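J.: Structure file entry03.cif, mmCIF, C-alpha atoms and all ligand atoms, is pasted below:
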```cif
data_work
#
loop_
_atom_site.group_PDB
_atom_site.id
_atom_site.type_symbol
_atom_site.label_atom_id
_atom_site.label_comp_id
_atom_site.auth_asym_id
_atom_site.auth_seq_id
_atom_site.Cartn_x
_atom_site.Cartn_y
_atom_site.Cartn_z
ATOM 1 C CA MET N 1 0.919 -2.847 12.372
ATOM 2 C CA THR N 2 -2.184 -1.142 11.070
ATOM 3 C CA GLY N 3 -5.334 -3.195 10.582
ATOM 4 C CA TRP N 4 -5.943 -2.421 6.937
ATOM 5 C CA LEU N 5 -2.467 -3.502 5.801
ATOM 6 C CA GLU N 6 -2.848 -6.724 7.755
ATOM 7 C CA LYS N 7 -6.299 -7.252 6.289
ATOM 8 C CA ALA N 8 -4.825 -6.728 2.834
ATOM 9 C CA GLY N 9 -2.333 -9.539 3.567
ATOM 10 C CA VAL N 10 0.799 -7.485 4.263
ATOM 11 C CA GLN N 11 2.759 -8.999 7.152
ATOM 12 C CA LEU N 12 5.482 -6.454 7.839
ATOM 13 C CA PRO N 13 5.131 -2.685 8.344
ATOM 14 C CA ILE N 14 7.222 -1.710 5.365
ATOM 15 C CA VAL N 15 6.159 -0.205 2.077
ATOM 16 C CA GLN N 16 8.438 0.071 -0.944
ATOM 17 C CA ALA N 17 7.665 3.436 -2.528
ATOM 18 C CA GLY N 18 6.315 3.578 -6.049
ATOM 19 C CA MET N 19 9.014 5.144 -8.208
ATOM 20 C CA GLY N 20 7.992 5.963 -11.741
ATOM 21 C CA GLY N 21 9.549 5.547 -15.165
ATOM 22 C CA GLY N 22 10.670 1.949 -14.562
ATOM 23 C CA LEU N 23 12.624 2.448 -11.323
ATOM 24 C CA ALA N 24 10.123 0.332 -9.387
ATOM 25 C CA GLY N 25 8.724 -2.404 -11.611
ATOM 26 C CA HIS N 26 7.212 -5.773 -10.848
ATOM 27 C CA GLY N 27 10.616 -7.391 -10.184
ATOM 28 C CA LEU N 28 11.218 -5.201 -7.154
ATOM 29 C CA ALA N 29 7.598 -5.084 -6.001
ATOM 30 C CA ALA N 30 7.200 -8.881 -6.127
ATOM 31 C CA VAL N 31 10.345 -9.520 -4.086
ATOM 32 C CA VAL N 32 9.253 -6.976 -1.464
ATOM 33 C CA ALA N 33 5.783 -8.530 -1.340
ATOM 34 C CA GLU N 34 7.105 -12.075 -1.021
ATOM 35 C CA ALA N 35 9.324 -10.928 1.858
ATOM 36 C CA GLY N 36 6.227 -9.645 3.676
ATOM 37 C CA GLY N 37 6.157 -5.923 2.817
ATOM 38 C CA LEU N 38 3.959 -3.980 0.421
ATOM 39 C CA GLY N 39 5.533 -3.649 -3.024
ATOM 40 C CA THR N 40 4.521 -0.809 -5.325
ATOM 41 C CA ILE N 41 4.792 -0.445 -9.085
ATOM 42 C CA GLY N 42 5.613 3.137 -10.086
ATOM 43 C CA PHE N 43 3.973 5.355 -12.709
ATOM 44 C CA LEU N 44 4.243 4.168 -16.329
ATOM 45 C CA ALA N 45 2.292 4.422 -19.579
ATOM 46 C CA PRO N 46 -1.030 2.545 -19.166
ATOM 47 C CA ALA N 47 -0.034 -0.397 -21.398
ATOM 48 C CA ASP N 48 3.254 -0.832 -19.504
ATOM 49 C CA LEU N 49 1.418 -0.587 -16.204
ATOM 50 C CA ARG N 50 -0.822 -3.468 -17.275
ATOM 51 C CA LYS N 51 2.210 -5.549 -18.284
ATOM 52 C CA GLU N 52 3.948 -4.861 -14.968
ATOM 53 C CA ILE N 53 0.849 -5.783 -12.977
ATOM 54 C CA ALA N 54 0.551 -9.033 -14.957
ATOM 55 C CA GLY N 55 4.255 -9.725 -14.331
ATOM 56 C CA PHE N 56 3.726 -9.233 -10.606
ATOM 57 C CA ARG N 57 0.670 -11.519 -10.552
ATOM 58 C CA ALA N 58 2.650 -14.223 -12.345
ATOM 59 C CA ARG N 59 5.259 -14.173 -9.583
ATOM 60 C CA THR N 60 3.246 -13.875 -6.410
ATOM 61 C CA SER N 61 -0.270 -13.929 -5.001
ATOM 62 C CA LYS N 62 0.579 -11.238 -2.441
ATOM 63 C CA PRO N 63 -1.150 -7.848 -2.577
ATOM 64 C CA LEU N 64 0.180 -5.138 -4.872
ATOM 65 C CA ALA N 65 0.137 -1.348 -4.792
ATOM 66 C CA VAL N 66 0.359 0.943 -7.820
ATOM 67 C CA ASN N 67 1.423 4.592 -7.643
ATOM 68 C CA LEU N 68 -0.239 7.142 -9.893
ATOM 69 C CA LEU N 69 1.051 10.683 -10.321
ATOM 70 C CA LEU N 70 -2.296 12.480 -10.362
ATOM 71 C CA PRO N 71 -1.138 15.513 -12.351
ATOM 72 C CA LEU N 72 -0.129 13.179 -15.199
ATOM 73 C CA ALA N 73 -2.677 10.370 -14.819
ATOM 74 C CA ARG N 74 -5.361 9.942 -17.468
ATOM 75 C CA ARG N 75 -8.409 7.670 -17.540
ATOM 76 C CA ALA N 76 -6.406 4.738 -19.014
ATOM 77 C CA HIS N 77 -3.978 4.900 -16.083
ATOM 78 C CA PHE N 78 -6.845 4.572 -13.607
ATOM 79 C CA GLN N 79 -8.292 1.687 -15.602
ATOM 80 C CA ALA N 80 -4.941 -0.134 -15.526
ATOM 81 C CA ALA N 81 -4.346 0.640 -11.831
ATOM 82 C CA ALA N 82 -7.783 -0.761 -10.946
ATOM 83 C CA GLU N 83 -6.146 -4.204 -11.254
ATOM 84 C CA ALA N 84 -3.979 -3.502 -8.193
ATOM 85 C CA ASP N 85 -5.028 -4.073 -4.578
ATOM 86 C CA VAL N 86 -3.912 -0.672 -3.284
ATOM 87 C CA LEU N 87 -3.767 2.622 -5.166
ATOM 88 C CA VAL N 88 -1.227 5.150 -3.891
ATOM 89 C CA THR N 89 -1.658 8.608 -5.340
ATOM 90 C CA PHE N 90 0.846 11.376 -5.581
ATOM 91 C CA TRP N 91 -1.335 14.450 -5.134
ATOM 92 C CA GLY N 92 1.193 17.267 -5.545
ATOM 93 C CA ARG N 93 0.514 19.754 -8.237
ATOM 94 C CA PRO N 94 3.593 20.104 -10.448
ATOM 95 C CA ARG N 95 3.641 23.864 -10.038
ATOM 96 C CA ARG N 96 3.673 23.638 -6.271
ATOM 97 C CA GLY N 97 6.327 20.987 -5.939
ATOM 98 C CA ASN N 98 7.021 17.479 -4.625
ATOM 99 C CA VAL N 99 9.645 18.185 -2.022
ATOM 100 C CA ARG N 100 7.936 21.113 -0.416
ATOM 101 C CA GLY N 101 7.620 20.264 3.265
ATOM 102 C CA THR N 102 9.855 21.945 5.803
ATOM 103 C CA ALA N 103 8.943 19.926 8.905
ATOM 104 C CA GLY N 104 11.105 16.922 9.786
ATOM 105 C CA ALA N 105 9.481 13.513 9.332
ATOM 106 C CA LEU N 106 9.071 12.874 13.083
ATOM 107 C CA GLU N 107 7.507 16.276 13.712
ATOM 108 C CA LEU N 108 5.205 15.814 10.739
ATOM 109 C CA LEU N 109 4.199 12.384 11.994
ATOM 110 C CA ALA N 110 3.340 13.794 15.434
ATOM 111 C CA ARG N 111 1.277 16.615 13.898
ATOM 112 C CA ILE N 112 -0.577 14.259 11.582
ATOM 113 C CA ARG N 113 -1.345 11.775 14.347
ATOM 114 C CA GLN N 114 -2.723 14.615 16.401
ATOM 115 C CA ALA N 115 -4.880 15.927 13.574
ATOM 116 C CA LEU N 116 -6.383 12.563 12.594
ATOM 117 C CA PRO N 117 -8.937 10.496 14.506
ATOM 118 C CA ARG N 118 -7.512 7.800 16.796
ATOM 119 C CA GLY N 119 -6.814 4.564 14.924
ATOM 120 C CA TYR N 120 -6.532 6.272 11.527
ATOM 121 C CA PRO N 121 -3.684 4.509 9.681
ATOM 122 C CA VAL N 122 -0.609 6.687 9.124
ATOM 123 C CA MET N 123 2.564 5.811 7.228
ATOM 124 C CA SER N 124 5.783 7.740 7.517
ATOM 125 C CA ALA N 125 8.133 8.317 4.569
ATOM 126 C CA GLY N 126 11.498 10.002 4.127
ATOM 127 C CA GLY N 127 14.964 9.314 5.450
ATOM 128 C CA ILE N 128 14.618 5.641 6.340
ATOM 129 C CA ALA N 129 17.932 3.972 5.615
ATOM 130 C CA GLU N 130 18.541 1.719 8.610
ATOM 131 C CA PRO N 131 16.542 -0.443 11.041
ATOM 132 C CA ALA N 132 16.858 2.241 13.759
ATOM 133 C CA ASP N 133 15.122 4.783 11.479
ATOM 134 C CA ALA N 134 12.195 2.444 10.929
ATOM 135 C CA ARG N 135 12.009 1.556 14.621
ATOM 136 C CA GLN N 136 11.920 5.234 15.586
ATOM 137 C CA ARG N 137 8.975 5.979 13.269
ATOM 138 C CA LEU N 138 7.044 2.904 14.369
ATOM 139 C CA ASP N 139 7.663 3.767 18.027
ATOM 140 C CA ALA N 140 6.432 7.306 17.286
ATOM 141 C CA GLY N 141 3.125 5.891 16.122
ATOM 142 C CA ALA N 142 3.525 5.207 12.389
ATOM 143 C CA ASP N 143 1.663 2.085 11.315
ATOM 144 C CA ALA N 144 4.203 1.441 8.573
ATOM 145 C CA VAL N 145 7.194 3.115 6.966
ATOM 146 C CA VAL N 146 7.703 3.947 3.297
ATOM 147 C CA CYS N 147 11.203 3.744 1.781
ATOM 148 C CA GLY N 148 12.276 5.024 -1.613
ATOM 149 C CA THR N 149 16.021 5.643 -1.824
ATOM 150 C CA ARG N 150 16.919 2.471 0.106
ATOM 151 C CA PHE N 151 14.950 0.391 -2.419
ATOM 152 C CA VAL N 152 16.459 2.086 -5.484
ATOM 153 C CA MET N 153 19.738 0.748 -4.123
ATOM 154 C CA THR N 154 18.744 -2.923 -4.437
ATOM 155 C CA HIS N 155 19.584 -5.584 -6.977
ATOM 156 C CA GLU N 156 15.949 -5.680 -8.089
ATOM 157 C CA SER N 157 15.277 -1.970 -8.714
ATOM 158 C CA GLY N 158 15.057 -0.878 -12.340
ATOM 159 C CA ALA N 159 17.666 1.868 -11.938
ATOM 160 C CA HIS N 160 20.634 1.736 -14.295
ATOM 161 C CA PRO N 161 23.530 -0.095 -12.573
ATOM 162 C CA ALA N 162 25.710 3.036 -12.895
ATOM 163 C CA TYR N 163 22.939 5.151 -11.305
ATOM 164 C CA LYS N 164 22.889 2.751 -8.335
ATOM 165 C CA GLN N 165 26.671 3.055 -8.052
ATOM 166 C CA ARG N 166 26.436 6.875 -8.141
ATOM 167 C CA LEU N 167 24.079 6.646 -5.177
ATOM 168 C CA VAL N 168 26.490 4.369 -3.311
ATOM 169 C CA ASP N 169 29.260 6.936 -3.877
ATOM 170 C CA ALA N 170 27.087 10.002 -3.146
ATOM 171 C CA GLN N 171 27.852 12.227 -0.171
ATOM 172 C CA GLU N 172 25.494 15.094 -0.989
ATOM 173 C CA THR N 173 22.211 15.855 -2.686
ATOM 174 C CA ILE N 174 20.872 18.977 -4.380
ATOM 175 C CA LEU N 175 17.299 20.253 -4.207
ATOM 176 C CA THR N 176 16.789 21.608 -7.704
ATOM 177 C CA GLU N 177 14.262 22.333 -10.438
ATOM 178 C CA LEU N 178 16.700 21.596 -13.259
ATOM 179 C CA PHE N 179 14.990 18.443 -14.549
ATOM 180 C CA GLY N 180 11.570 20.069 -14.663
ATOM 181 C CA ALA N 181 10.583 20.000 -18.353
ATOM 182 C CA GLY N 182 6.941 18.927 -18.168
ATOM 183 C CA TRP N 183 7.157 18.635 -14.370
ATOM 184 C CA PRO N 184 8.231 22.005 -12.914
ATOM 185 C CA ALA N 185 8.626 20.923 -9.302
ATOM 186 C CA PRO N 186 11.579 20.765 -6.904
ATOM 187 C CA HIS N 187 13.303 17.388 -6.818
ATOM 188 C CA ARG N 188 16.338 16.055 -4.976
ATOM 189 C CA VAL N 189 19.217 14.580 -6.980
ATOM 190 C CA VAL N 190 22.863 13.652 -6.612
ATOM 191 C CA PRO N 191 25.308 15.680 -8.720
ATOM 192 C CA ASN N 192 26.184 14.779 -12.309
ATOM 193 C CA GLU N 193 27.492 16.614 -15.357
ATOM 194 C CA ALA N 194 24.210 18.475 -15.962
ATOM 195 C CA THR N 195 24.000 19.779 -12.377
ATOM 196 C CA ARG N 196 27.682 20.813 -12.429
ATOM 197 C CA ARG N 197 27.149 22.645 -15.722
ATOM 198 C CA TRP N 198 23.897 24.483 -14.843
ATOM 199 C CA LEU N 199 23.690 24.898 -11.075
ATOM 200 C CA SER N 200 26.883 26.803 -10.284
ATOM 201 C CA SER N 201 25.073 30.021 -9.337
ATOM 202 C CA ASP N 202 21.662 28.759 -8.148
ATOM 203 C CA PRO N 203 20.875 25.173 -7.079
ATOM 204 C CA ARG N 204 17.323 25.585 -8.390
ATOM 205 C CA GLY N 205 18.650 26.185 -11.923
ATOM 206 C CA PRO N 206 18.785 29.328 -14.075
ATOM 207 C CA ALA N 207 15.729 31.586 -13.568
ATOM 208 C CA TRP N 208 15.003 31.692 -17.306
ATOM 209 C CA LEU N 209 14.975 27.880 -17.460
ATOM 210 C CA ARG N 210 12.564 27.600 -14.531
ATOM 211 C CA ALA N 211 10.281 30.179 -16.152
ATOM 212 C CA PHE N 212 10.449 28.204 -19.400
ATOM 213 C CA HIS N 213 9.537 24.975 -17.547
ATOM 214 C CA ARG N 214 6.554 26.658 -15.912
ATOM 215 C CA ALA N 215 5.350 28.148 -19.202
ATOM 216 C CA THR N 216 5.633 24.906 -21.167
ATOM 217 C CA ALA N 217 4.385 22.495 -18.480
ATOM 218 C CA PRO N 218 0.716 22.460 -19.547
ATOM 219 C CA LEU N 219 1.830 21.325 -23.014
ATOM 220 C CA LEU N 220 4.768 19.056 -22.116
ATOM 221 C CA SER N 221 2.948 17.234 -19.320
ATOM 222 C CA ARG N 222 0.496 15.974 -21.956
ATOM 223 C CA VAL N 223 3.220 14.360 -24.075
ATOM 224 C CA PRO N 224 2.664 10.566 -23.853
ATOM 225 C CA VAL N 225 5.255 8.733 -21.739
ATOM 226 C CA PRO N 226 6.806 6.734 -24.671
ATOM 227 C CA MET N 227 7.417 9.993 -26.555
ATOM 228 C CA GLN N 228 8.843 11.598 -23.413
ATOM 229 C CA LEU N 229 11.309 8.714 -23.235
ATOM 230 C CA ARG N 230 12.312 9.211 -26.881
ATOM 231 C CA LEU N 231 12.932 12.896 -26.121
ATOM 232 C CA ALA N 232 14.892 11.949 -22.997
ATOM 233 C CA ALA N 233 17.265 9.879 -25.142
ATOM 234 C CA THR N 234 18.313 13.113 -26.896
ATOM 235 C CA GLN N 235 19.140 15.022 -23.680
ATOM 236 C CA SER N 236 22.704 16.164 -23.289
ATOM 237 C CA PRO N 237 24.375 17.929 -20.323
ATOM 238 C CA ASP N 238 25.134 21.012 -22.415
ATOM 239 C CA ARG N 239 21.558 21.441 -23.773
ATOM 240 C CA PRO N 240 19.277 22.607 -20.958
ATOM 241 C CA LEU N 241 16.039 20.855 -21.766
ATOM 242 C CA PHE N 242 15.963 18.279 -19.037
ATOM 243 C CA GLY N 243 12.886 16.158 -18.372
ATOM 244 C CA PRO N 244 12.135 14.021 -15.306
ATOM 245 C CA ALA N 245 12.981 10.582 -16.796
ATOM 246 C CA ALA N 246 15.723 8.815 -14.828
ATOM 247 C CA ALA N 247 18.358 6.355 -16.048
ATOM 248 C CA THR N 248 16.998 2.820 -16.022
ATOM 249 C CA ALA N 249 18.644 -0.486 -16.875
ATOM 250 C CA GLY N 250 18.178 -0.895 -20.601
ATOM 251 C CA GLY N 251 17.170 2.770 -21.007
ATOM 252 C CA PRO N 252 19.269 5.510 -22.630
ATOM 253 C CA ALA N 253 22.648 5.788 -20.871
ATOM 254 C CA ASN N 254 22.879 9.554 -21.625
ATOM 255 C CA LEU N 255 20.535 10.089 -18.664
ATOM 256 C CA LEU N 256 23.361 9.299 -16.235
ATOM 257 C CA GLU N 257 24.906 12.682 -17.000
ATOM 258 C CA ALA N 258 21.920 14.474 -18.584
ATOM 259 C CA GLY N 259 19.058 13.211 -16.412
ATOM 260 C CA PRO N 260 18.061 13.330 -12.745
ATOM 261 C CA LEU N 261 19.827 10.942 -10.358
ATOM 262 C CA TYR N 262 16.994 11.127 -7.812
ATOM 263 C CA ALA N 263 17.835 10.337 -4.197
ATOM 264 C CA GLY N 264 16.754 11.334 -0.727
ATOM 265 C CA GLU N 265 19.115 12.918 1.790
ATOM 266 C CA CYS N 266 19.577 9.551 3.500
ATOM 267 C CA VAL N 267 21.597 8.402 0.477
ATOM 268 C CA SER N 268 24.777 9.532 2.262
ATOM 269 C CA ARG N 269 24.094 6.915 4.957
ATOM 270 C CA ILE N 270 23.673 4.048 2.488
ATOM 271 C CA SER N 271 26.792 2.435 1.122
ATOM 272 C CA ASP N 272 25.673 -0.772 -0.527
ATOM 273 C CA ILE N 273 23.331 -2.338 -3.040
ATOM 274 C CA ARG N 274 21.388 -5.125 -1.373
ATOM 275 C CA PRO N 275 18.775 -7.757 -2.164
ATOM 276 C CA ALA N 276 15.380 -6.163 -1.490
ATOM 277 C CA ALA N 277 14.049 -9.132 0.501
ATOM 278 C CA GLU N 278 16.966 -8.885 2.910
ATOM 279 C CA LEU N 279 16.195 -5.192 3.447
ATOM 280 C CA VAL N 280 12.517 -5.787 4.153
ATOM 281 C CA ARG N 281 13.431 -8.257 6.875
ATOM 282 C CA GLU N 282 16.314 -6.225 8.270
ATOM 283 C CA LEU N 283 14.455 -2.887 8.377
ATOM 284 C CA THR N 284 11.625 -4.490 10.291
ATOM 285 C CA GLY N 285 13.900 -6.251 12.775
ATOM 286 C CA GLN N 286 13.476 -9.778 11.423
ATOM 287 C CA ALA N 287 16.417 -12.150 11.170
ATOM 288 C CA VAL N 288 18.067 -11.762 7.759
HETATM 289 C C1 LIG B 301 14.259 7.583 -7.170
HETATM 290 C C2 LIG B 301 12.966 8.023 -6.566
HETATM 291 C C3 LIG B 301 11.835 8.109 -7.356
HETATM 292 C C4 LIG B 301 10.606 8.483 -6.791
HETATM 293 N N1 LIG B 301 9.492 8.494 -7.575
HETATM 294 C C5 LIG B 301 8.273 8.720 -7.005
HETATM 295 C C6 LIG B 301 7.080 8.589 -7.766
HETATM 296 O O1 LIG B 301 7.102 8.273 -8.961
HETATM 297 N N2 LIG B 301 5.901 8.809 -7.123
HETATM 298 C C7 LIG B 301 5.819 9.122 -5.796
HETATM 299 O O2 LIG B 301 4.711 9.298 -5.278
HETATM 300 N N3 LIG B 301 6.944 9.268 -5.061
HETATM 301 C C8 LIG B 301 8.153 9.049 -5.625
HETATM 302 N N4 LIG B 301 9.289 9.146 -4.856
HETATM 303 C C9 LIG B 301 9.174 9.509 -3.428
HETATM 304 C C10 LIG B 301 8.884 8.252 -2.588
HETATM 305 O O3 LIG B 301 7.543 7.874 -2.766
HETATM 306 C C11 LIG B 301 9.109 8.451 -1.094
HETATM 307 O O4 LIG B 301 8.192 9.394 -0.594
HETATM 308 C C12 LIG B 301 10.499 8.905 -0.733
HETATM 309 O O5 LIG B 301 11.444 8.233 -1.506
HETATM 310 C C13 LIG B 301 10.768 8.640 0.719
HETATM 311 O O6 LIG B 301 12.027 9.130 1.091
HETATM 312 P P1 LIG B 301 13.389 8.268 1.045
HETATM 313 O O7 LIG B 301 13.813 8.273 -0.381
HETATM 314 O O8 LIG B 301 14.292 9.035 1.940
HETATM 315 O O9 LIG B 301 13.069 6.889 1.519
HETATM 316 C C14 LIG B 301 10.523 8.802 -5.413
HETATM 317 C C15 LIG B 301 11.685 8.720 -4.633
HETATM 318 C C16 LIG B 301 12.887 8.332 -5.181
HETATM 319 C C17 LIG B 301 14.102 8.228 -4.298
#
```
Take the structure in the file and write it out as structure tokens.

T.:
Amino acid sequence: MTGWLEKAGVQLPIVQAGMGGGLAGHGLAAVVAEAGGLGTIGFLAPADLRKEIAGFRARTSKPLAVNLLLPLARRAHFQAAAEADVLVTFWGRPRRGNVRGTAGALELLARIRQALPRGYPVMSAGGIAEPADARQRLDAGADAVVCGTRFVMTHESGAHPAYKQRLVDAQETILTELFGAGWPAPHRVVPNEATRRWLSSDPRGPAWLRAFHRATAPLLSRVPVPMQLRLAATQSPDRPLFGPAAATAGGPANLLEAGPLYAGECVSRISDIRPAAELVRELTGQAV
């Protein structure tokens, strides 16, 4: 495993991705950290970020990462995130998109290793569902692997229980821009009522809606997170103003049908909801 992770006190080459809006809170991050991986708290309002970091510190003395979405982050986010040990930034500009790469993860890894100086730490993300996936990336030269979808499907993730079950049942994903109010970027989701209603002719969403998202993004991306969540509670599958907030446990249940059920393509290879600690050990070849 890479030197800097080891130096930071992370024993196993596995990173739980930061997933914003309460999907990856301190409960998940602390369990991952205690099991030897690097746990990450996802993007939240600054005050909530502080609370989550404090919650993590109360549970473990292991290192913690925080993920900031740079296009949305303000000074108070950086001040809160300064309390973490590792800062992971999402650089993508909303207009250009999150899911924009076309190269497969292994090819990308090879290209990046070639472009960077020898010994430069590289982590590989995307499509890691099973131990063999992680092994393949590590053998190909990744210093650690980053998993998102697999960790949403754990007991400890903050996803709404019905969202987790939808992922268990999912066979397909859609790359869309439907849920782009305030964040007009492609995102991958599993189908729900909103996608069935609005994506019949174009998986990206109606052209007029995408144009509307692009035009209103500078304004909507400045709406504070708590207000965005209040707006999200009013979303309905038949009213096409869909923001990026996902259904969390304790959050508005309307988001199951009127919000994004984010998942990577590997969701079709995952058929259970597991304890996160077990996954950390299993994915890295330790006895469970
Ligand atoms: C539900 C979900 C939410 C995500 N939220 C974020 C986020 O807030 N910030 C970020 O940088 N990446 C986010 N990602 C992307 C992950 O960081 C990671 O790159 C990706 O999940 C890896 O692919 P995988 O899902 O196939 O493991 C999210 C991914 C998922 C599945």

J.: Expressed in Å to a single decimal, how great is the separation between CA of Met19 (chain N) and atom O3 of ligand LIG 301 (chain B)?

T.: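 Result for CA of Met19 (chain N) versus atom O3 of ligand LIG 301 (chain B): 6.3 Å, one decimal.
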
J.: Got a sec: who's within 8 Å of Leu261 (chain N), counting all atoms listed in the file, leaving out chain neighbours fewer than 3 positions off, as a list of chain:residue names?

T.: N:Tyr163, N:Leu167, N:Val189, N:Val190, N:Pro191, N:Asn192, N:Ala246, N:Ala247, N:Leu256

J.: Since we have the selection now, will you write its residues out, keeping C-alpha atoms, as a PDB file, keeping the file's coordinate frame?

T.:
```pdb
ATOM      1  CA  TYR N 163      22.939   5.151 -11.305  1.00  0.00           C
ATOM      2  CA  LEU N 167      24.079   6.646  -5.177  1.00  0.00           C
ATOM      3  CA  VAL N 189      19.217  14.580  -6.980  1.00  0.00           C
ATOM      4  CA  VAL N 190      22.863  13.652  -6.612  1.00  0.00           C
ATOM      5  CA  PRO N 191      25.308  15.680  -8.720  1.00  0.00           C
ATOM      6  CA  ASN N 192      26.184  14.779 -12.309  1.00  0.00           C
ATOM      7  CA  ALA N 246      15.723   8.815 -14.828  1.00  0.00           C
ATOM      8  CA  ALA N 247      18.358   6.355 -16.048  1.00  0.00           C
ATOM      9  CA  LEU N 256      23.361   9.299 -16.235  1.00  0.00           C
TER      10      LEU N 256
END
```

J.: With 8 Å as the cut-off and only C-alpha atoms and all ligand atoms counted, what is the closest atom pair between each nearby residue of chain N and ligand LIG 301 (chain B)? Distances in Å to one decimal, ordered by chain and number, as CSV.

T.:
```
residue,atom,partner,partner_atom,distance
N:Ala17,CA,B:LIG301,O3,4.4
N:Gly18,CA,B:LIG301,C6,5.4
N:Met19,CA,B:LIG301,N1,3.4
N:Gly20,CA,B:LIG301,O1,3.7
N:Gly21,CA,B:LIG301,O1,7.2
N:Leu23,CA,B:LIG301,C1,6.8
N:Gly42,CA,B:LIG301,O1,5.5
N:Phe43,CA,B:LIG301,O1,5.7
N:Asn67,CA,B:LIG301,N2,6.2
N:Leu68,CA,B:LIG301,N2,6.9
N:Leu69,CA,B:LIG301,N2,6.1
N:Val88,CA,B:LIG301,O2,7.4
N:Thr89,CA,B:LIG301,O2,6.4
N:Phe90,CA,B:LIG301,O2,4.4
N:Trp91,CA,B:LIG301,O2,7.9
N:Ala125,CA,B:LIG301,C13,4.7
N:Gly126,CA,B:LIG301,O6,3.2
N:Gly127,CA,B:LIG301,O8,3.6
N:Ile128,CA,B:LIG301,O9,5.2
N:Ala129,CA,B:LIG301,O9,7.0
N:Val146,CA,B:LIG301,C13,6.2
N:Cys147,CA,B:LIG301,O9,3.7
N:Gly148,CA,B:LIG301,O5,3.3
N:Thr149,CA,B:LIG301,O7,3.7
N:Arg150,CA,B:LIG301,O9,6.0
N:Phe151,CA,B:LIG301,O9,7.8
N:Val152,CA,B:LIG301,C1,6.2
N:Ala246,CA,B:LIG301,C1,7.9
N:Leu261,CA,B:LIG301,C1,7.2
N:Tyr262,CA,B:LIG301,C1,4.5
N:Ala263,CA,B:LIG301,C17,4.3
N:Gly264,CA,B:LIG301,O7,4.3
N:Glu265,CA,B:LIG301,O8,6.2
N:Cys266,CA,B:LIG301,O8,5.5
N:Val267,CA,B:LIG301,O8,7.5
```

J.: Calculate how many Å separate CA of Thr195 (chain N) from CA of Arg214 (chain N), rounding to one decimal.

T.: 19.1 Å

J.: Could you work out how far CA of Ala159 (chain N) lies from CA of Gly22 (chain N), giving the answer in Å with one decimal?

T.: 7.5 Å

J.: Skipping near chain neighbours, those fewer than 6 positions away, what residues fall within 9 Å of Thr40 (chain N) using all atoms listed in the file, listed as a PyMOL selection string?

T.: chain N and resi 15-19+24-26+28-30+32-33+64-67+86-88

J.: Considering all atoms listed in the file, can you say which of N:Ala245, N:Ala144, N:Ala105, N:Ala76 comes closest to Val225 (chain N)?

T.: N:Ala245

J.: Please provide as a list in words all residues within 6 Å of Thr248 (chain N), with the sequence filter that same-chain residues fewer than 3 positions apart are discarded (counting all atoms listed in the file).

T.: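 Listed by chain and then number, they are Gly158, Ala159, His160 and Gly251 of chain N.
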
J.: Given all atoms listed in the file as the basis, pick out the residue of N:Tyr120, N:Met153, N:Leu138, N:Pro71 nearest to Ala276 (chain N).

T.: N:Met153

J.: Counting all atoms listed in the file, I want the residues whose atoms come within 8 Å of (3.7, 10.4, 9.0) in the file frame, returned as a list of chain:residue names.

T.: N:Ala105, N:Leu106, N:Leu108, N:Leu109, N:Ala110, N:Ile112, N:Arg113, N:Val122, N:Met123, N:Ser124, N:Ala125, N:Ala142

J.: Residue by residue, what does the PyMOL selection byres (((chain N and resi 187) around 9) and not hetatm) grab here? Present the result as an MDAnalysis selection string.

T.: chainID N and resid 97:99 174:180 185:186 188:189 260 262:263

J.: Could you list the residues chosen by the PyMOL selection byres (((chain N and resi 279) around 10) and not hetatm) in this structure as a list in words?

T.: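 Against this file, the PyMOL selection byres (((chain N and resi 279) around 10) and not hetatm) returns the residues Ile14, Val32, Ala35, Ala129, Glu130, Pro131, Arg150, Phe151, Thr154, Arg274, Pro275, Ala276, Ala277, Glu278, Val280, Arg281, Glu282, Leu283, Thr284, Gly285, Gln286 and Val288 of chain N.
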
J.: Select, from N:Glu107, N:Asp202, N:Asp133, N:Asp272, the residue with the minimum atom-to-atom distance to Asp169 (chain N), counting all atoms listed in the file.

T.: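 So, comparing all the options, the nearest one is N:Asp272.
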
J.: Which is closest to Glu257 (chain N) among N:Ser271, N:Ser200, N:Thr173, N:Gln235, if we use only C-alpha atoms?

T.: N:Gln235

J.: Between N:Gly37, N:Gly27, N:Gly119, N:Pro63, which one has atoms that come closest to Lys51 (chain N), using all atoms listed in the file?

T.: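 The answer is N:Gly27, which sits nearest to Lys51 (chain N).
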
J.: Which residues fall under the PyMOL selection byres (((chain N and resi 238) around 10) and not hetatm) in this file, as a list in words?

T.: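 Selection result, ordered by chain and number: Glu193, Ala194, Arg197, Trp198, Gln235, Ser236, Pro237, Arg239, Pro240, Leu241, Glu257 and Ala258 of chain N.
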
J.: From the list N:Ala58, N:Ala73, N:Leu209, N:Ala8, which residue is nearest Leu38 (chain N) when using all atoms listed in the file?

T.: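 Looking only at the distances to Leu38 (chain N), the closest residue turns out to be N:Ala8.
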